[in-house]
>>> print(open('data-v3.csv').read())   # CSV, C-alpha atoms
chain,number,residue,atom,x,y,z
A,4,MET,CA,134.2,98.1,110.5
A,5,THR,CA,134.4,95.7,107.5
A,6,LEU,CA,135.5,92.2,108.3
A,7,GLU,CA,137.6,90.5,105.6
A,8,VAL,CA,137.3,86.7,105.4
A,9,GLY,CA,139.2,85.4,102.4
A,10,ARG,CA,137.4,86.9,99.4
A,11,ARG,CA,134.3,87.5,101.4
A,12,ARG,CA,133.3,90.7,103.1
A,13,ARG,CA,130.6,91.1,105.8
A,14,LEU,CA,128.0,93.3,104.1
A,15,GLU,CA,124.6,94.6,105.2
A,16,PRO,CA,121.8,92.3,103.9
A,17,ASP,CA,120.6,94.7,101.2
A,18,ALA,CA,124.1,95.2,99.9
A,19,ARG,CA,124.8,91.5,99.9
A,20,ARG,CA,121.6,90.8,98.0
A,21,GLU,CA,122.5,93.5,95.4
A,22,GLN,CA,126.0,92.0,95.1
A,23,ILE,CA,124.6,88.6,94.3
A,24,LEU,CA,122.0,90.0,91.9
A,25,SER,CA,124.7,92.0,90.1
A,26,VAL,CA,126.8,88.8,89.6
A,27,ALA,CA,123.7,86.9,88.4
A,28,VAL,CA,122.9,89.6,85.9
A,29,ARG,CA,126.4,89.4,84.5
A,30,LEU,CA,126.5,85.6,84.3
A,31,PHE,CA,123.0,85.1,82.8
A,32,GLY,CA,124.0,87.8,80.2
A,33,GLN,CA,127.2,85.8,79.3
A,34,ARG,CA,125.7,82.3,79.2
A,35,PRO,CA,122.4,80.6,78.5
A,36,TYR,CA,120.1,79.8,81.5
A,37,ALA,CA,121.1,76.1,81.5
A,38,ALA,CA,124.8,77.0,81.7
A,39,VAL,CA,124.6,79.0,84.9
A,40,SER,CA,124.2,77.4,88.4
A,41,THR,CA,123.6,79.0,91.7
A,42,THR,CA,127.0,77.6,92.7
A,43,ASP,CA,128.5,79.6,89.9
A,44,VAL,CA,126.7,82.7,91.2
A,45,ALA,CA,127.7,82.1,94.8
A,46,ARG,CA,131.4,81.5,93.8
A,47,GLU,CA,131.6,84.7,91.7
A,48,ALA,CA,129.8,86.7,94.5
A,49,GLY,CA,132.1,85.3,97.2
A,50,VAL,CA,129.2,83.9,99.3
A,51,ALA,CA,127.9,80.5,100.3
A,52,ARG,CA,125.4,78.9,97.9
A,53,GLY,CA,122.8,78.8,100.7
A,54,LEU,CA,122.9,82.6,100.9
A,55,VAL,CA,121.8,82.8,97.2
A,56,ASN,CA,118.9,80.5,98.0
A,57,HIS,CA,118.1,82.5,101.1
A,58,TYR,CA,117.7,85.8,99.2
A,59,PHE,CA,116.3,84.5,95.9
A,60,GLY,CA,115.0,80.9,96.3
A,61,THR,CA,115.6,78.6,93.4
A,62,LYS,CA,117.7,79.2,90.4
A,63,LYS,CA,114.6,80.0,88.4
A,64,ASP,CA,113.5,82.5,91.0
A,65,LEU,CA,116.9,84.2,90.7
A,66,TYR,CA,116.6,84.3,86.9
A,67,LEU,CA,113.2,85.8,87.0
A,68,GLU,CA,114.6,88.6,89.3
A,69,VAL,CA,117.4,89.1,86.8
A,70,VAL,CA,114.8,89.6,84.0
A,71,ARG,CA,112.9,92.0,86.1
A,72,VAL,CA,115.9,94.2,87.0
A,73,MET,CA,117.0,94.3,83.3
A,74,LEU,CA,113.6,95.0,81.8
A,75,PHE,CA,111.4,96.9,84.2
A,76,VAL,CA,111.4,100.7,83.9
A,77,PRO,CA,111.8,102.3,87.3
A,78,SER,CA,109.5,105.2,88.3
A,79,VAL,CA,112.5,107.5,88.6
A,80,ALA,CA,113.1,107.2,84.9
A,81,VAL,CA,109.9,109.1,84.2
A,82,ASP,CA,110.0,111.3,87.4
A,83,GLY,CA,113.5,112.5,86.3
A,84,LEU,CA,112.6,113.6,82.8
A,85,PRO,CA,113.0,117.3,82.1
A,86,GLN,CA,110.1,119.6,82.0
A,87,GLY,CA,109.1,120.8,78.6
A,88,ASP,CA,107.1,120.0,75.6
A,89,ARG,CA,106.2,116.5,74.5
A,90,GLU,CA,109.0,116.4,71.8
A,91,ALA,CA,111.6,117.1,74.5
A,92,ARG,CA,110.2,114.6,76.9
A,93,ALA,CA,109.8,111.9,74.1
A,94,ASP,CA,113.4,112.5,73.1
A,95,ALA,CA,114.5,112.2,76.8
A,96,ILE,CA,112.7,109.0,77.6
A,97,VAL,CA,114.1,107.4,74.4
A,98,GLY,CA,117.6,108.6,75.4
A,99,TRP,CA,117.2,107.1,78.8
A,100,PHE,CA,116.1,103.7,77.3
A,101,LEU,CA,119.1,103.7,74.9
A,102,ASP,CA,121.5,104.6,77.7
A,103,VAL,CA,120.3,101.7,79.8
A,104,VAL,CA,120.3,99.0,77.0
A,105,SER,CA,123.7,100.1,75.7
A,106,ARG,CA,125.2,100.1,79.2
A,107,HIS,CA,124.0,96.6,79.9
A,108,SER,CA,123.6,95.4,76.3
A,109,THR,CA,124.7,91.7,76.8
A,110,SER,CA,122.4,91.2,79.8
A,111,TRP,CA,119.5,93.2,78.3
A,112,LEU,CA,119.6,91.2,75.1
A,113,ALA,CA,119.7,87.9,77.0
A,114,ALA,CA,116.8,89.0,79.2
A,115,ILE,CA,114.6,90.3,76.3
A,116,THR,CA,115.1,87.0,74.4
A,117,ALA,CA,114.6,85.0,77.6
A,118,GLY,CA,118.1,83.5,77.6
A,119,GLY,CA,117.1,80.0,76.5
A,120,MET,CA,113.9,80.1,78.6
A,121,ALA,CA,111.6,81.3,75.8
A,122,GLY,CA,108.2,79.6,76.1
A,123,ASP,CA,108.5,79.2,79.9
A,124,ALA,CA,105.2,80.6,81.3
A,125,ASP,CA,106.8,82.3,84.3
A,126,VAL,CA,109.5,84.0,82.2
A,127,ASP,CA,107.0,85.1,79.5
A,128,ALA,CA,104.8,86.5,82.3
A,129,VAL,CA,107.6,88.6,83.6
A,130,ILE,CA,108.5,89.9,80.2
A,131,ASP,CA,104.9,90.7,79.4
A,132,GLU,CA,104.6,92.6,82.7
A,133,ALA,CA,107.8,94.5,81.9
A,134,VAL,CA,106.3,95.6,78.6
A,135,ASP,CA,103.1,96.7,80.4
A,136,VAL,CA,105.2,98.8,82.8
A,137,ALA,CA,107.2,100.3,80.0
A,138,ALA,CA,104.0,101.1,78.0
A,139,LEU,CA,102.6,102.9,81.0
A,140,SER,CA,105.9,104.8,81.5
A,141,VAL,CA,105.8,105.9,77.9
A,142,LEU,CA,102.3,107.3,78.3
A,143,LYS,CA,103.3,109.1,81.6
A,144,ALA,CA,106.3,110.6,79.8
A,145,VAL,CA,104.0,112.2,77.2
A,146,GLY,CA,101.3,113.3,79.7
A,147,LEU,CA,98.8,110.5,78.9
A,148,GLY,CA,99.4,108.1,81.9
A,149,GLU,CA,96.3,108.9,83.9
A,150,ASP,CA,93.8,106.0,83.6
A,151,PRO,CA,94.6,105.1,80.0
A,152,SER,CA,92.0,103.2,78.0
A,153,PRO,CA,92.8,99.6,77.0
A,154,ALA,CA,93.2,100.8,73.4
A,155,LEU,CA,95.7,103.5,74.4
A,156,LEU,CA,97.7,101.1,76.5
A,157,GLY,CA,97.7,98.6,73.6
A,158,MET,CA,99.0,101.2,71.2
A,159,SER,CA,101.7,102.1,73.7
A,160,ARG,CA,102.6,98.4,74.1
A,161,ALA,CA,103.0,98.2,70.3
A,162,TYR,CA,105.4,101.2,70.5
A,163,VAL,CA,107.4,99.4,73.2
A,164,GLY,CA,107.7,96.4,70.9
A,165,LEU,CA,109.0,98.7,68.2
A,166,ALA,CA,111.5,100.1,70.6
A,167,ILE,CA,112.7,96.6,71.7
A,168,HIS,CA,113.2,95.4,68.1
A,169,THR,CA,114.8,98.7,67.0
A,170,ALA,CA,117.3,98.4,69.9
A,171,ARG,CA,118.1,94.9,68.8
A,172,GLU,CA,118.8,96.1,65.2
A,173,TRP,CA,121.4,98.5,66.8
A,174,LEU,CA,122.9,96.3,69.5
A,175,GLN,CA,122.7,92.8,68.0
A,176,ARG,CA,122.8,93.3,64.2
A,177,ASN,CA,124.7,96.6,64.0
A,178,ALA,CA,122.2,97.6,61.3
A,179,LEU,CA,121.5,101.0,62.8
A,180,THR,CA,123.5,103.7,64.7
A,181,ARG,CA,122.6,105.1,68.0
A,182,MET,CA,121.7,108.4,66.4
A,183,GLN,CA,119.4,106.6,63.9
A,184,VAL,CA,117.7,104.6,66.6
A,185,GLN,CA,117.2,107.8,68.7
A,186,SER,CA,115.7,109.6,65.7
A,187,LEU,CA,113.4,106.8,64.7
A,188,LEU,CA,112.0,106.1,68.2
A,189,ALA,CA,111.6,109.7,69.2
A,190,THR,CA,110.0,110.8,66.0
A,191,THR,CA,107.7,107.8,65.9
A,192,LEU,CA,106.6,108.5,69.5
A,193,VAL,CA,105.8,112.1,68.8
A,194,THR,CA,103.9,111.1,65.7
A,195,MET,CA,101.9,108.5,67.6
A,196,VAL,CA,101.1,111.1,70.3
A,197,ASP,CA,99.9,113.6,67.8
A,198,ARG,CA,98.1,111.5,65.2
A,199,VAL,CA,97.4,108.0,66.6
A,200,PHE,CA,96.9,108.1,70.4
A,201,PRO,CA,94.0,110.6,70.1
A,202,GLN,CA,91.9,107.9,68.5
A,203,ALA,CA,92.2,105.8,71.7
A,204,VAL,CA,91.9,108.6,74.4
A,205,ARG,CA,88.6,108.3,76.4
>>> encode(input="data-v3.csv", output="structure tokens")
Amino acid sequence: MTLEVGRRRRLEPDARREQILSVAVRLFGQRPYAAVSTTDVAREAGVARGLVNHYFGTKKDLYLEVVRVMLFVPSVAVDGLPQGDREARADAIVGWFLDVVSRHSTSWLAAITAGGMAGDADVDAVIDEAVDVAALSVLKAVGLGEDPSPALLGMSRAYVGLAIHTAREWLQRNALTRMQVQSLLATTLVTMVDRVFPQAVR
């Protein structure tokens, strides 16, 4: 039975952690890093500040987790792609990416631009790792993810960089439509698979 105590509810640890993280994602998406405190997160989540520290450590540790959850591509994204030719799978992985960034556009944009923490070694390391994971996911989506060469992984990272900047042209600058972004990224990926990636395959 759920116990109500004011605004607080007694939740299972995993659910409480996810609740805190969800609030942190929203707040860090709305404000720069310096303008968000763990007290703010705790208040919005309806928990004691000590519980935020218990699950996530320091404010910076919490922020790094927010960046991870916003930028890392989960394995289910690739596992759930439809079977079919590379064109269909390329179009599907691009569609998945655009769905995610549009659904969480404010928080995603804040995370990818480091939310006022650009240049911080720990934040930069998490973003770099997220790009690596995304690059490998792209290769898996098009059937090239088994032991990619450094050159192939580098080419895929370059594609991820294109995807990030193209999404920003859509979400931040309103220079492109969703349809234009989908077409640009899917067509570019197929072209790279057919004409560029073979140069780097072992």
>>> closest_residue(input="data-v3.csv", among="A:Val145, A:Leu74, A:Gln185, A:Gly60", to="A:Asp88", atoms="only C-alpha atoms")
A:Val145
>>> residues_around(input="data-v3.csv", residues="A:Val126", least_positions_apart="2", cutoff="12 Å", atoms="all atoms listed in the file", output="list of chain:residue names")
A:Tyr36, A:Lys63, A:Asp64, A:Leu65, A:Tyr66, A:Leu67, A:Glu68, A:Val69, A:Val70, A:Arg71, A:Leu74, A:Ala114, A:Ile115, A:Thr116, A:Ala117, A:Gly118, A:Gly119, A:Met120, A:Ala121, A:Gly122, A:Asp123, A:Ala124, A:Ala128, A:Val129, A:Ile130, A:Asp131, A:Glu132, A:Ala133
>>> closest_residue(input="data-v3.csv", among="A:Ala161, A:Val55, A:Leu142, A:Leu179", to="A:Ser40", atoms="all atoms listed in the file")
A:Val55
>>> residues_around(input="data-v3.csv", residues="A:Val44", least_positions_apart="3", cutoff="12 Å", atoms="only C-alpha atoms", output="list in words")
Arg20, Gln22, Ile23, Leu24, Ser25, Val26, Ala27, Val28, Arg29, Leu30, Phe31, Ala38, Val39, Ser40, Thr41, Glu47, Ala48, Gly49, Val50, Ala51, Arg52, Gly53, Leu54, Val55, Asn56, Phe59, Lys62, Leu65 and Tyr66 of chain A
>>> atom_distance(input="data-v3.csv", atom1="atom CA of A:Ala137", atom2="atom CA of A:Pro16")
29.1 Å
>>> residues_near_point(input="data-v3.csv", point="(108.3, 108.0, 67.3)", cutoff="12 Å", atoms="only C-alpha atoms", output="PyMOL selection string")
chain A and resi 89-90+92-94+96-97+141+145+159+161-163+165-166+169+183-200
>>> closest_residue(input="data-v3.csv", among="A:Leu84, A:Leu112, A:Leu139, A:Val72", to="A:Gly98", atoms="all atoms listed in the file")
A:Leu84
>>> atom_distance(input="data-v3.csv", atom1="atom CA of A:Met182", atom2="atom CA of A:Asp102")
11.9 Å
>>> residues_around(input="data-v3.csv", residues="A:Val79", least_positions_apart="4", cutoff="12 Å", atoms="only C-alpha atoms", output="NGL selection string")
:A and (75 or 83-85 or 96 or 99 or 140 or 143-144)
>>> closest_residue(input="data-v3.csv", among="A:Ser152, A:Leu101, A:Val134, A:Val204", to="A:Gly164", atoms="only C-alpha atoms")
A:Val134
>>> atom_distance(input="data-v3.csv", atom1="atom CA of A:Thr109", atom2="atom CA of A:Arg171")
10.9 Å
>>> closest_residue(input="data-v3.csv", among="A:Arg34, A:Gln202, A:Val81, A:Glu172", to="A:Gly148", atoms="all atoms listed in the file")
A:Val81
>>> decode(input="data-v3.csv", residues="stretch 180-194 of chain A", atoms="N, CA, C and O atoms", output="mmCIF file, in the first residue's frame")
data_model
loop_
_atom_site.group_PDB
_atom_site.id
_atom_site.type_symbol
_atom_site.label_atom_id
_atom_site.label_comp_id
_atom_site.auth_asym_id
_atom_site.auth_seq_id
_atom_site.Cartn_x
_atom_site.Cartn_y
_atom_site.Cartn_z
ATOM 1 N N THR A 180 13.226 21.457 -41.354
ATOM 2 C CA THR A 180 12.048 20.744 -40.870
ATOM 3 C C THR A 180 12.447 19.333 -40.449
ATOM 4 O O THR A 180 13.524 18.848 -40.804
ATOM 5 N N ARG A 181 11.567 18.686 -39.720
ATOM 6 C CA ARG A 181 11.811 17.293 -39.335
ATOM 7 C C ARG A 181 12.015 16.428 -40.586
ATOM 8 O O ARG A 181 12.912 15.585 -40.626
ATOM 9 N N MET A 182 11.204 16.621 -41.592
ATOM 10 C CA MET A 182 11.310 15.821 -42.809
ATOM 11 C C MET A 182 12.667 16.046 -43.498
ATOM 12 O O MET A 182 13.297 15.093 -43.973
ATOM 13 N N GLN A 183 13.119 17.279 -43.529
ATOM 14 C CA GLN A 183 14.416 17.573 -44.140
ATOM 15 C C GLN A 183 15.557 16.932 -43.372
ATOM 16 O O GLN A 183 16.504 16.406 -43.965
ATOM 17 N N VAL A 184 15.471 16.977 -42.050
ATOM 18 C CA VAL A 184 16.507 16.365 -41.222
ATOM 19 C C VAL A 184 16.524 14.853 -41.427
ATOM 20 O O VAL A 184 17.590 14.237 -41.575
ATOM 21 N N GLN A 185 15.355 14.245 -41.430
ATOM 22 C CA GLN A 185 15.252 12.796 -41.647
ATOM 23 C C GLN A 185 15.880 12.414 -42.986
ATOM 24 O O GLN A 185 16.671 11.474 -43.072
ATOM 25 N N SER A 186 15.541 13.153 -44.024
ATOM 26 C CA SER A 186 16.064 12.856 -45.353
ATOM 27 C C SER A 186 17.573 13.035 -45.417
ATOM 28 O O SER A 186 18.294 12.176 -45.949
ATOM 29 N N LEU A 187 18.059 14.137 -44.879
ATOM 30 C CA LEU A 187 19.499 14.416 -44.918
ATOM 31 C C LEU A 187 20.293 13.330 -44.196
ATOM 32 O O LEU A 187 21.276 12.797 -44.728
ATOM 33 N N LEU A 188 19.868 12.988 -42.977
ATOM 34 C CA LEU A 188 20.638 12.043 -42.171
ATOM 35 C C LEU A 188 20.529 10.612 -42.688
ATOM 36 O O LEU A 188 21.523 9.876 -42.713
ATOM 37 N N ALA A 189 19.340 10.198 -43.108
ATOM 38 C CA ALA A 189 19.174 8.833 -43.614
ATOM 39 C C ALA A 189 19.914 8.646 -44.936
ATOM 40 O O ALA A 189 20.609 7.643 -45.149
ATOM 41 N N THR A 190 19.792 9.619 -45.833
ATOM 42 C CA THR A 190 20.466 9.518 -47.129
ATOM 43 C C THR A 190 21.979 9.556 -46.964
ATOM 44 O O THR A 190 22.712 8.799 -47.626
ATOM 45 N N THR A 191 22.461 10.423 -46.088
ATOM 46 C CA THR A 191 23.899 10.508 -45.845
ATOM 47 C C THR A 191 24.438 9.209 -45.270
ATOM 48 O O THR A 191 25.510 8.732 -45.673
ATOM 49 N N LEU A 192 23.694 8.606 -44.347
ATOM 50 C CA LEU A 192 24.154 7.351 -43.745
ATOM 51 C C LEU A 192 24.239 6.246 -44.788
ATOM 52 O O LEU A 192 25.242 5.518 -44.846
ATOM 53 N N VAL A 193 23.221 6.114 -45.610
ATOM 54 C CA VAL A 193 23.248 5.085 -46.653
ATOM 55 C C VAL A 193 24.407 5.324 -47.620
ATOM 56 O O VAL A 193 25.106 4.390 -48.028
ATOM 57 N N THR A 194 24.628 6.577 -47.993
ATOM 58 C CA THR A 194 25.734 6.908 -48.898
ATOM 59 C C THR A 194 27.078 6.562 -48.263
ATOM 60 O O THR A 194 27.972 6.017 -48.939
#
